Amino acid sequence: MNIRLAFSIIFVLLSIALMICAFVAYRSKKDIGKPLCNMLVAIIPPIVGNFLIVGSTSKTLATVGCYLYYVGIDFTVFQALRFAMSYCKLTYKNEKLRLLILSLLGIDVIQILANTVFHHCFGMEETELYGSVYYRMIPYLPQNLHRVLVYLLLAGILGIYLNKMFFSPRMHSWRYATIFFTLLGVITWCTFYVISRTPLDRSMIGYGVFGLLTFYFSLYYKPTRLIDRLLLDISSELPDAIYFFNDNDECIWANKKGLNLLGINEGELENVRKKLEPFFSSENVNNNDNWSSCLIMNDNDDKKYYSLERRVIRDNKGRVGASFLNIRDDTEMQINLHRESYNARHDNLTDLYTKDHLYERIEELLEKNPDQKYSLVFMNICNFKLINDIFGKDFGDEVLKQVASLLRKYVPHTGVYGRIGGDTFGVFVPKGAIDMELVKKLLSGYEVSNGDMTYKVQIHLGIYETENQRMDVSSMFDRARIAEASIDNNFTNHIAYYGEDMRKKMLWEQEISSELKRALEEKQIRPYLQPLVDTEGKIVGAEALVRWIHPDRGFLSPASFIPLFERNGMIAELDKYMWRCACELLDKWKDRDLFISVNISPKDFYFTDVYKDISSLVKEYNIKPSRLRIEITESVMISDVENKIELVRNLQKDGFIVEMDDFGSGYSSLNMLKNMPIDVIKIDMAFLQNAKDVKRTKSILRSIINMSEDLGIVPLTEGVETKEQYEALLSMGCKMFQGYYFAKPMPVEEFENDYLK
Ligand code: C2E
Ligand code: CA
Ligand code: CA
């Protein structure tokens with residue numbers, strides 16, 4: 001067959017193939033599709049040109065072929081460059097470069113086309129080839145511009161692929177290498193034609209083949225071997241143990257972790273089946289193809305957690321081809337999970353249940369045993385703030401820990417307990433499960449020691465006993481709290497049981513407290529006065545005693561609200577008000593030689609500056625300090641003794657008279673007198689009246705009176721109810737008296753009417 005015909009057919013077939021590929025590339029969803037399509041389309045015109053040169057015997061056709069060839073190559077190279085950039089994910093860093101390339105190509109195209117007029121670039125010569133006319137191109141000098149430009153661009157394209165080839169990870173460089181070497185081949189092939197000027201130019205076959213190969217490599221080729229390798233590498237390194245089995249269920253491969261887990265090496269795969277047996281129990285394995293399950297195994301003392309997964313691969317006829325087993329060691333994750341959930345449920349310091357978890361556990365118990373009666377205990381360390389302040393946080397922590405271990409030791413297993421927060425704990429036990437006598441004993445002398453220090457820790461328990469109707473846990477705790485709050489700070493009583501009356505009292509207290517401010521403004525609260533008489537029965541002064549005449553509740557005794565206000569700190573407001581009332585009266589009674597005694601609660605010292613308040617009041621009303629007498633009780637001396645003594649001294653220096661109220665009621669009365677510079681002692685008959693032995697009572701009274709005389713302190717007896725008492729006290733040498741025998745406390749107007757007229 002004619003060789004020229006044969007090559008013509010090849011060119012036609014190549015063009016058709018390229019067209020099909022361009023169409024496929026155009027339809028492809030890959031990013032590379034469009035630039036690939038452009039490149040493939042661009043290769044077609046020069047191939048057609050080459051076909052015309054090779055196949056025609058007409059000079060005109062051959063000349064048209066030449067133009068198609070040269071102009072087409074410009075477009076091909078340009079599109080090949082665009083494709084290379086898109087394939088290698090490059091963009092122009094410099095827009096000028098793109099413009100330069102475009103303009104150079106434009107100039108080249110123009111100068112080639114201009115050849116039709118000027119014939120400066122190339123000409124055609126007629127030769128004979130295989131027995132027929134063949135037209136061959138004769139290059140002139142400007143033709144070299146075309147060549148140089150094309151070679152430069154091709155070199156640039158090669159550079160792009162080469163760069164990617166070297167600087168990509170090994171497993172990817174093949175993608176660039178294949179295209180690089182194909183292109184290099186094409187260039188060599190073409191150069192051969194350019195240099196040799198072989199009569200039959202078939203250089204475009206190279207471009208065509210390059211187009212088809214690029215199409216295949218960029219769109220279709222998958223390096224299966226490489227992928228296999230990658231998969232194998234990845235599975236070998238996986239943290240899970242992986243085993244592959246063949247159709248006979250024999251292990252054919254295991255990864256490193258898989259070998260380690262069973263303690264075998266690569267040559268012992270036949271042992272895998274046997275060694276895996278402990279991982280399969282009837283519970284976690286079933287006959288299905290695919291299953292997954294969890295397994296807990298005891299490894300000496302430790303627990304090991306595994307999750308297993310099996311997958312079977314069947315062929316299209318349903319026959320088992322292979323299977324694999326994946327075993328993951330979840331021990332660490334499980335331990336972390338357990339630890340996290342443990343931490344969420346337990347208090348860091350004491351390791352007891354947290355409040356939330358304790359509530360949950362209590363709810364569980366109630367649900368499980370609906371008929372059981374329970375005691376819910378709210379436990380409070382009363383002096384915890386003091387312990388922290390005085391001994392430091394570490395000792396405070398130690399106290400909490402020791403209380404926690406107390407709970408561990410004494411709460412029976414049928415109950416639950418936890419730390420509610422700060423210095424409070426909660427216990428929930430079946431009613432009667434704890435020996436309360438033992439608890440009382442424990443609490444009464446409870447001390448905590450850290451080796452160096454020992455401290456008496458005061459713990460109070462409020463107990464709520466569940467009834468038949470269900471109540472939510474937090475309400476139960478509210479009630480136990482109310483019970484706890486009702487315990488006085490008297491060091492003897494540590495336990496209180498909740499009763500409905502307590503809740504009512506609590507409500508009453510809340511209401512009364514919220515009403516105090518208004519009561520003072522509206523003068524529902526006012527002073528009553530009780531006269532004080534001397535040895536001749538003459539009125540020398542009065543004690544101001546607070547009264548609350550409530551619009552709804554009627555007459556309220558100070559005994560009902562004073563302890564409450566002492567607890568919540570409102571007492572200072574009330575007392576300051578009373579002191580002011582006394583000063584107003586003294587101001588009104590300017591020309592009378594009468595004094596008024598006011599009460600100062602021990603709690604006033606916590607909440608206000610007593611010295612400053614009193615001094616500024618007498619200044620404000622311009623009153624002689626000796627007319628405002630100050631009554632303090634010995635309980636003032638429980639804390640901060642030095643400062644209190646100093647305060648009393650200062651008051652005396654300023655001219656105030658300080659009286660010791662309720663003398664004999666406390667335990668350190670006599671001791672107190674030694675240190676405290678007191679002017680008057682008020683002996684309360686009430687403390688002596690209960691004594692059966694009248695003679696003894698009298699002799700005690702007599703000695704107190706004598707002793708006070710010796711110390712230069714004026715003795716005053718209050719609570720004098722009868723004439724006999726008065727006369728007896730007179731004979732003992734008492735100097736002042738107060739009591740119902742003379743007069744009861746009375747409203748100010750009555751006092752003024754009776755005694756100041
Ligand atoms: P107190 O300071 O010892 O006051 C004397 C109490 O004894 C008064 O009770 C008075 O009414 C009562 N009393 C007086 N003479 C007799 C008597 O012959 N027989 C009997 N059985 N009782 C007599 P009151 O007014 O109920 O006050 C009770 C306590 O309340 C006072 O005891 C005092 O501790 C406190 N208190 C009263 N007013 C105030 C106040 O304004 N501020 C403070 N902080 N406490 C006050
Ligand atoms: Ca008093
Ligand atoms: Ca008194």
# chains A, B, ... in the order shown; residues from 1 in each chain; ligands from 1

$ residues_around --residues "Arg592 (chain A)" --least-positions-apart "4" --cutoff "10 Å" --atoms "only C-alpha atoms" --output "list in words"
Val540, Gly541, Leu586, Asp587, Lys588 and Leu756 of chain A

$ closest_atom_pairs --of "chain A" --to "ligand 3" --cutoff "6 Å" --atoms "only C-alpha atoms and all ligand atoms" --output "Markdown table"
| residue | atom | partner | partner_atom_place_in_ligand_line | distance |
| --- | --- | --- | --- | --- |
| A:Asp661 | CA | ligand 3 | 1 (Ca) | 4.9 |
| A:Asp662 | CA | ligand 3 | 1 (Ca) | 4.3 |
| A:Asp684 | CA | ligand 3 | 1 (Ca) | 5.9 |

$ residues_near_ligand --ligand "ligand 2" --cutoff "10 Å" --atoms "only C-alpha atoms and all ligand atoms" --output "PDB file with all heavy atoms, in the first residue's frame"
ATOM      1  N   GLU A 543     -35.014  51.625 132.336  1.00  0.00           N
ATOM      2  CA  GLU A 543     -34.393  50.822 131.277  1.00  0.00           C
ATOM      3  C   GLU A 543     -35.313  50.875 130.062  1.00  0.00           C
ATOM      4  O   GLU A 543     -36.528  50.713 130.189  1.00  0.00           O
ATOM      5  CB  GLU A 543     -34.195  49.371 131.720  1.00  0.00           C
ATOM      6  CG  GLU A 543     -33.603  48.525 130.601  1.00  0.00           C
ATOM      7  CD  GLU A 543     -33.274  47.083 130.988  1.00  0.00           C
ATOM      8  OE1 GLU A 543     -33.542  46.691 132.142  1.00  0.00           O
ATOM      9  OE2 GLU A 543     -32.753  46.359 130.119  1.00  0.00           O
ATOM     10  N   ALA A 544     -34.710  51.124 128.889  1.00  0.00           N
ATOM     11  CA  ALA A 544     -35.502  51.138 127.661  1.00  0.00           C
ATOM     12  C   ALA A 544     -35.584  49.713 127.133  1.00  0.00           C
ATOM     13  O   ALA A 544     -34.571  49.081 126.867  1.00  0.00           O
ATOM     14  CB  ALA A 544     -34.851  52.044 126.623  1.00  0.00           C
ATOM     15  N   LEU A 545     -36.813  49.206 126.997  1.00  0.00           N
ATOM     16  CA  LEU A 545     -37.018  47.825 126.515  1.00  0.00           C
ATOM     17  C   LEU A 545     -37.889  47.882 125.264  1.00  0.00           C
ATOM     18  O   LEU A 545     -38.905  48.576 125.239  1.00  0.00           O
ATOM     19  CB  LEU A 545     -37.683  46.998 127.607  1.00  0.00           C
ATOM     20  CG  LEU A 545     -36.796  46.779 128.842  1.00  0.00           C
ATOM     21  CD1 LEU A 545     -37.636  46.485 130.074  1.00  0.00           C
ATOM     22  CD2 LEU A 545     -35.784  45.662 128.601  1.00  0.00           C
ATOM     23  N   SER A 597     -31.125  53.415 130.683  1.00  0.00           N
ATOM     24  CA  SER A 597     -30.203  52.319 130.318  1.00  0.00           C
ATOM     25  C   SER A 597     -30.658  51.725 128.995  1.00  0.00           C
ATOM     26  O   SER A 597     -31.844  51.463 128.814  1.00  0.00           O
ATOM     27  CB  SER A 597     -30.230  51.213 131.363  1.00  0.00           C
ATOM     28  OG  SER A 597     -29.835  51.709 132.603  1.00  0.00           O
ATOM     29  N   VAL A 598     -29.692  51.535 128.094  1.00  0.00           N
ATOM     30  CA  VAL A 598     -30.036  50.854 126.826  1.00  0.00           C
ATOM     31  C   VAL A 598     -29.290  49.526 126.734  1.00  0.00           C
ATOM     32  O   VAL A 598     -28.211  49.365 127.306  1.00  0.00           O
ATOM     33  CB  VAL A 598     -29.701  51.723 125.586  1.00  0.00           C
ATOM     34  CG1 VAL A 598     -30.631  52.908 125.494  1.00  0.00           C
ATOM     35  CG2 VAL A 598     -28.252  52.135 125.591  1.00  0.00           C
ATOM     36  N   ASN A 599     -29.896  48.608 126.034  1.00  0.00           N
ATOM     37  CA  ASN A 599     -29.299  47.270 125.876  1.00  0.00           C
ATOM     38  C   ASN A 599     -28.414  47.224 124.630  1.00  0.00           C
ATOM     39  O   ASN A 599     -28.763  47.752 123.579  1.00  0.00           O
ATOM     40  CB  ASN A 599     -30.395  46.226 125.739  1.00  0.00           C
ATOM     41  CG  ASN A 599     -31.120  46.002 127.054  1.00  0.00           C
ATOM     42  OD1 ASN A 599     -30.607  45.347 127.962  1.00  0.00           O
ATOM     43  ND2 ASN A 599     -32.296  46.600 127.177  1.00  0.00           N
ATOM     44  N   ILE A 600     -27.286  46.578 124.790  1.00  0.00           N
ATOM     45  CA  ILE A 600     -26.408  46.364 123.627  1.00  0.00           C
ATOM     46  C   ILE A 600     -26.239  44.859 123.452  1.00  0.00           C
ATOM     47  O   ILE A 600     -25.756  44.176 124.346  1.00  0.00           O
ATOM     48  CB  ILE A 600     -25.056  47.042 123.848  1.00  0.00           C
ATOM     49  CG1 ILE A 600     -25.303  48.556 123.950  1.00  0.00           C
ATOM     50  CG2 ILE A 600     -24.093  46.716 122.711  1.00  0.00           C
ATOM     51  CD1 ILE A 600     -24.079  49.388 123.987  1.00  0.00           C
ATOM     52  N   SER A 601     -26.695  44.399 122.327  1.00  0.00           N
ATOM     53  CA  SER A 601     -26.580  42.954 122.076  1.00  0.00           C
ATOM     54  C   SER A 601     -25.131  42.598 121.772  1.00  0.00           C
ATOM     55  O   SER A 601     -24.424  43.363 121.113  1.00  0.00           O
ATOM     56  CB  SER A 601     -27.462  42.582 120.891  1.00  0.00           C
ATOM     57  OG  SER A 601     -27.034  41.361 120.350  1.00  0.00           O
ATOM     58  N   ILE A 630     -25.123  52.091 129.640  1.00  0.00           N
ATOM     59  CA  ILE A 630     -24.933  51.044 128.634  1.00  0.00           C
ATOM     60  C   ILE A 630     -25.010  49.685 129.307  1.00  0.00           C
ATOM     61  O   ILE A 630     -24.245  49.424 130.228  1.00  0.00           O
ATOM     62  CB  ILE A 630     -23.524  51.182 128.018  1.00  0.00           C
ATOM     63  CG1 ILE A 630     -23.205  52.625 127.676  1.00  0.00           C
ATOM     64  CG2 ILE A 630     -23.323  50.214 126.859  1.00  0.00           C
ATOM     65  CD1 ILE A 630     -23.559  53.077 126.326  1.00  0.00           C
ATOM     66  N   GLU A 631     -25.910  48.822 128.824  1.00  0.00           N
ATOM     67  CA  GLU A 631     -26.002  47.476 129.396  1.00  0.00           C
ATOM     68  C   GLU A 631     -25.376  46.464 128.425  1.00  0.00           C
ATOM     69  O   GLU A 631     -25.835  46.318 127.300  1.00  0.00           O
ATOM     70  CB  GLU A 631     -27.468  47.091 129.638  1.00  0.00           C
ATOM     71  CG  GLU A 631     -28.109  47.868 130.761  1.00  0.00           C
ATOM     72  CD  GLU A 631     -29.451  47.283 131.210  1.00  0.00           C
ATOM     73  OE1 GLU A 631     -29.795  46.164 130.782  1.00  0.00           O
ATOM     74  OE2 GLU A 631     -30.145  47.975 131.980  1.00  0.00           O
ATOM     75  N   ILE A 632     -24.340  45.808 128.920  1.00  0.00           N
ATOM     76  CA  ILE A 632     -23.798  44.716 128.104  1.00  0.00           C
ATOM     77  C   ILE A 632     -23.911  43.417 128.898  1.00  0.00           C
ATOM     78  O   ILE A 632     -24.025  43.456 130.120  1.00  0.00           O
ATOM     79  CB  ILE A 632     -22.320  44.953 127.703  1.00  0.00           C
ATOM     80  CG1 ILE A 632     -21.454  45.176 128.934  1.00  0.00           C
ATOM     81  CG2 ILE A 632     -22.194  46.134 126.753  1.00  0.00           C
ATOM     82  CD1 ILE A 632     -19.971  45.268 128.627  1.00  0.00           C
ATOM     83  N   THR A 633     -23.899  42.301 128.218  1.00  0.00           N
ATOM     84  CA  THR A 633     -23.963  41.027 128.955  1.00  0.00           C
ATOM     85  C   THR A 633     -22.586  40.369 128.897  1.00  0.00           C
ATOM     86  O   THR A 633     -21.757  40.708 128.054  1.00  0.00           O
ATOM     87  CB  THR A 633     -24.982  40.060 128.323  1.00  0.00           C
ATOM     88  OG1 THR A 633     -24.610  39.869 126.977  1.00  0.00           O
ATOM     89  CG2 THR A 633     -26.384  40.602 128.405  1.00  0.00           C
ATOM     90  N   GLU A 659     -22.976  48.984 132.529  1.00  0.00           N
ATOM     91  CA  GLU A 659     -23.590  48.022 133.453  1.00  0.00           C
ATOM     92  C   GLU A 659     -23.442  46.604 132.885  1.00  0.00           C
ATOM     93  O   GLU A 659     -23.566  46.401 131.687  1.00  0.00           O
ATOM     94  CB  GLU A 659     -25.085  48.331 133.605  1.00  0.00           C
ATOM     95  CG  GLU A 659     -25.348  49.766 134.030  1.00  0.00           C
ATOM     96  CD  GLU A 659     -26.827  50.045 134.287  1.00  0.00           C
ATOM     97  OE1 GLU A 659     -27.680  49.311 133.733  1.00  0.00           O
ATOM     98  OE2 GLU A 659     -27.111  50.981 135.019  1.00  0.00           O
ATOM     99  N   MET A 660     -23.179  45.677 133.815  1.00  0.00           N
ATOM    100  CA  MET A 660     -23.124  44.269 133.393  1.00  0.00           C
ATOM    101  C   MET A 660     -24.503  43.660 133.647  1.00  0.00           C
ATOM    102  O   MET A 660     -24.912  43.494 134.785  1.00  0.00           O
ATOM    103  CB  MET A 660     -22.040  43.552 134.208  1.00  0.00           C
ATOM    104  CG  MET A 660     -21.956  42.056 133.998  1.00  0.00           C
ATOM    105  SD  MET A 660     -21.487  41.591 132.327  1.00  0.00           S
ATOM    106  CE  MET A 660     -19.846  42.231 132.237  1.00  0.00           C
ATOM    107  N   ASP A 661     -25.192  43.352 132.520  1.00  0.00           N
ATOM    108  CA  ASP A 661     -26.576  42.857 132.602  1.00  0.00           C
ATOM    109  C   ASP A 661     -26.579  41.360 132.928  1.00  0.00           C
ATOM    110  O   ASP A 661     -25.613  40.653 132.652  1.00  0.00           O
ATOM    111  CB  ASP A 661     -27.243  43.105 131.235  1.00  0.00           C
ATOM    112  CG  ASP A 661     -28.759  43.095 131.317  1.00  0.00           C
ATOM    113  OD1 ASP A 661     -29.281  42.875 132.426  1.00  0.00           O
ATOM    114  OD2 ASP A 661     -29.396  43.335 130.271  1.00  0.00           O
ATOM    115  N   ASP A 662     -27.674  40.897 133.510  1.00  0.00           N
ATOM    116  CA  ASP A 662     -27.891  39.453 133.741  1.00  0.00           C
ATOM    117  C   ASP A 662     -26.710  38.808 134.465  1.00  0.00           C
ATOM    118  O   ASP A 662     -26.318  37.679 134.140  1.00  0.00           O
ATOM    119  CB  ASP A 662     -28.113  38.725 132.404  1.00  0.00           C
ATOM    120  CG  ASP A 662     -29.345  39.237 131.688  1.00  0.00           C
ATOM    121  OD1 ASP A 662     -30.136  39.962 132.340  1.00  0.00           O
ATOM    122  OD2 ASP A 662     -29.512  38.940 130.498  1.00  0.00           O
ATOM    123  N   LYS A 682     -25.946  44.169 137.254  1.00  0.00           N
ATOM    124  CA  LYS A 682     -27.379  43.921 137.405  1.00  0.00           C
ATOM    125  C   LYS A 682     -27.551  42.438 137.692  1.00  0.00           C
ATOM    126  O   LYS A 682     -27.285  41.602 136.839  1.00  0.00           O
ATOM    127  CB  LYS A 682     -28.116  44.283 136.104  1.00  0.00           C
ATOM    128  CG  LYS A 682     -28.176  45.781 135.838  1.00  0.00           C
ATOM    129  CD  LYS A 682     -29.024  46.075 134.596  1.00  0.00           C
ATOM    130  CE  LYS A 682     -30.509  46.107 134.929  1.00  0.00           C
ATOM    131  NZ  LYS A 682     -31.295  46.664 133.807  1.00  0.00           N
ATOM    132  N   ASP A 684     -29.846  39.394 138.267  1.00  0.00           N
ATOM    133  CA  ASP A 684     -31.226  39.045 137.918  1.00  0.00           C
ATOM    134  C   ASP A 684     -31.771  38.065 138.939  1.00  0.00           C
ATOM    135  O   ASP A 684     -31.242  36.964 139.077  1.00  0.00           O
ATOM    136  CB  ASP A 684     -31.277  38.463 136.501  1.00  0.00           C
ATOM    137  CG  ASP A 684     -32.704  38.453 135.968  1.00  0.00           C
ATOM    138  OD1 ASP A 684     -33.635  38.427 136.784  1.00  0.00           O
ATOM    139  OD2 ASP A 684     -32.858  38.477 134.727  1.00  0.00           O
ATOM    140  N   GLU A 718     -32.439  43.212 139.651  1.00  0.00           N
ATOM    141  CA  GLU A 718     -33.634  43.345 138.797  1.00  0.00           C
ATOM    142  C   GLU A 718     -34.500  42.119 138.998  1.00  0.00           C
ATOM    143  O   GLU A 718     -34.081  41.133 139.591  1.00  0.00           O
ATOM    144  CB  GLU A 718     -33.238  43.526 137.322  1.00  0.00           C
ATOM    145  CG  GLU A 718     -32.440  42.397 136.728  1.00  0.00           C
ATOM    146  CD  GLU A 718     -32.145  42.590 135.243  1.00  0.00           C
ATOM    147  OE1 GLU A 718     -32.950  43.230 134.557  1.00  0.00           O
ATOM    148  OE2 GLU A 718     -31.112  42.070 134.782  1.00  0.00           O
TER     149      GLU A 718
END

$ closest_residue --among "A:Glu642, A:Asp593, A:Glu584, A:Glu566" --to "ligand 1" --atoms "only C-alpha atoms and all ligand atoms"
A:Glu566

$ residues_around --residues "Arg4 (chain A)" --least-positions-apart "4" --cutoff "7 Å" --atoms "only C-alpha atoms" --output "PyMOL selection string"
chain A and resi 8+54-55

$ select_by_dssp --residues "region 241-328 of chain A" --states "alpha helix (DSSP H)" --output "JSON, numbers by chain"
{"A": [256, 257, 258, 259, 260, 261, 262, 272, 273, 274, 275, 276]}

$ atom_distance --atom1 "CA of Glu521 (chain A)" --atom2 "CA of Ala743 (chain A)"
28.6 Å

$ select_by_dssp --residues "region 135-175 of chain A" --states "strand (DSSP E)" --output "list of chain:residue names"
A:Tyr135, A:Arg136, A:Met137, A:Ile138, A:Pro139

$ residues_around --residues "region 377-390 of chain A" --least-positions-apart "3" --cutoff "6 Å" --atoms "only C-alpha atoms" --output "NGL selection string"
:A and (393 or 396 or 423-427 or 458-463 or 480-481)

$ write_last_selection --atoms "all heavy atoms" --output "short mmCIF file (atom, residue, chain, number, x, y, z; two decimals), in the first residue's frame"
data_model
loop_
_atom_site.label_atom_id
_atom_site.label_comp_id
_atom_site.auth_asym_id
_atom_site.auth_seq_id
_atom_site.Cartn_x
_atom_site.Cartn_y
_atom_site.Cartn_z
N LYS A 393 -6.47 26.99 105.10
CA LYS A 393 -7.29 26.18 104.22
C LYS A 393 -6.93 24.69 104.30
O LYS A 393 -7.80 23.83 104.21
CB LYS A 393 -7.11 26.68 102.79
CG LYS A 393 -8.24 26.31 101.88
CD LYS A 393 -8.06 26.89 100.50
CE LYS A 393 -8.81 26.08 99.47
NZ LYS A 393 -8.41 24.69 99.32
N GLY A 396 -8.56 23.20 107.11
CA GLY A 396 -9.99 23.13 106.76
C GLY A 396 -10.27 21.92 105.88
O GLY A 396 -11.22 21.17 106.12
N ASP A 423 -19.19 23.22 103.48
CA ASP A 423 -19.02 22.48 104.73
C ASP A 423 -20.28 21.70 105.09
O ASP A 423 -20.54 21.46 106.25
CB ASP A 423 -18.66 23.45 105.86
CG ASP A 423 -19.68 24.58 105.95
OD1 ASP A 423 -20.62 24.58 105.14
OD2 ASP A 423 -19.54 25.44 106.83
N THR A 424 -21.08 21.34 104.06
CA THR A 424 -22.31 20.61 104.38
C THR A 424 -22.33 19.24 103.68
O THR A 424 -21.80 19.08 102.59
CB THR A 424 -23.55 21.41 103.93
OG1 THR A 424 -23.43 21.69 102.54
CG2 THR A 424 -23.66 22.71 104.70
N PHE A 425 -22.96 18.30 104.36
CA PHE A 425 -23.02 16.92 103.86
C PHE A 425 -24.46 16.45 103.94
O PHE A 425 -25.27 17.03 104.66
CB PHE A 425 -22.14 16.01 104.72
CG PHE A 425 -20.68 16.39 104.69
CD1 PHE A 425 -20.21 17.42 105.51
CD2 PHE A 425 -19.79 15.75 103.85
CE1 PHE A 425 -18.87 17.79 105.49
CE2 PHE A 425 -18.45 16.12 103.81
CZ PHE A 425 -17.99 17.13 104.64
N GLY A 426 -24.76 15.40 103.19
CA GLY A 426 -26.10 14.83 103.25
C GLY A 426 -26.01 13.33 103.46
O GLY A 426 -25.11 12.67 102.92
N VAL A 427 -26.94 12.80 104.26
CA VAL A 427 -26.97 11.36 104.51
C VAL A 427 -28.42 10.91 104.36
O VAL A 427 -29.34 11.62 104.77
CB VAL A 427 -26.48 11.03 105.94
CG1 VAL A 427 -26.52 9.53 106.18
CG2 VAL A 427 -25.09 11.58 106.17
N GLN A 458 -17.66 21.73 115.52
CA GLN A 458 -19.04 21.70 115.94
C GLN A 458 -19.93 21.32 114.76
O GLN A 458 -20.04 22.08 113.80
CB GLN A 458 -19.40 23.09 116.42
CG GLN A 458 -20.38 23.07 117.56
CD GLN A 458 -20.74 24.49 117.90
OE1 GLN A 458 -19.92 25.40 117.78
NE2 GLN A 458 -21.96 24.68 118.32
N ILE A 459 -20.52 20.13 114.86
CA ILE A 459 -21.34 19.64 113.74
C ILE A 459 -22.81 19.59 114.16
O ILE A 459 -23.14 19.08 115.23
CB ILE A 459 -20.86 18.24 113.31
CG1 ILE A 459 -19.42 18.32 112.81
CG2 ILE A 459 -21.77 17.67 112.23
CD1 ILE A 459 -18.83 17.00 112.41
N HIS A 460 -23.65 20.15 113.32
CA HIS A 460 -25.09 20.12 113.59
C HIS A 460 -25.81 19.28 112.54
O HIS A 460 -25.48 19.34 111.37
CB HIS A 460 -25.66 21.53 113.57
CG HIS A 460 -25.33 22.31 114.81
ND1 HIS A 460 -25.68 23.62 114.98
CD2 HIS A 460 -24.67 21.95 115.93
CE1 HIS A 460 -25.26 24.04 116.16
NE2 HIS A 460 -24.63 23.05 116.76
N LEU A 461 -26.78 18.51 113.01
CA LEU A 461 -27.55 17.67 112.09
C LEU A 461 -29.01 18.11 112.09
O LEU A 461 -29.62 18.24 113.16
CB LEU A 461 -27.51 16.20 112.52
CG LEU A 461 -26.15 15.54 112.74
CD1 LEU A 461 -26.36 14.05 113.00
CD2 LEU A 461 -25.28 15.72 111.52
N GLY A 462 -29.53 18.33 110.92
CA GLY A 462 -30.97 18.56 110.78
C GLY A 462 -31.55 17.33 110.10
O GLY A 462 -31.03 16.88 109.09
N ILE A 463 -32.60 16.77 110.68
CA ILE A 463 -33.10 15.50 110.16
C ILE A 463 -34.55 15.64 109.70
O ILE A 463 -35.39 16.17 110.41
CB ILE A 463 -33.00 14.39 111.23
CG1 ILE A 463 -31.54 14.28 111.68
CG2 ILE A 463 -33.52 13.06 110.68
CD1 ILE A 463 -31.30 13.24 112.75
N ALA A 480 -34.70 19.46 106.01
CA ALA A 480 -33.61 19.08 106.92
C ALA A 480 -32.76 20.31 107.26
O ALA A 480 -32.29 20.47 108.37
CB ALA A 480 -32.76 18.00 106.26
N ARG A 481 -32.61 21.19 106.26
CA ARG A 481 -31.86 22.43 106.47
C ARG A 481 -32.55 23.31 107.51
O ARG A 481 -31.90 23.90 108.36
CB ARG A 481 -31.83 23.22 105.16
CG ARG A 481 -30.49 23.34 104.52
CD ARG A 481 -30.73 24.09 103.21
NE ARG A 481 -30.22 23.33 102.09
CZ ARG A 481 -28.97 23.41 101.66
NH1 ARG A 481 -28.12 24.25 102.25
NH2 ARG A 481 -28.56 22.68 100.66
#
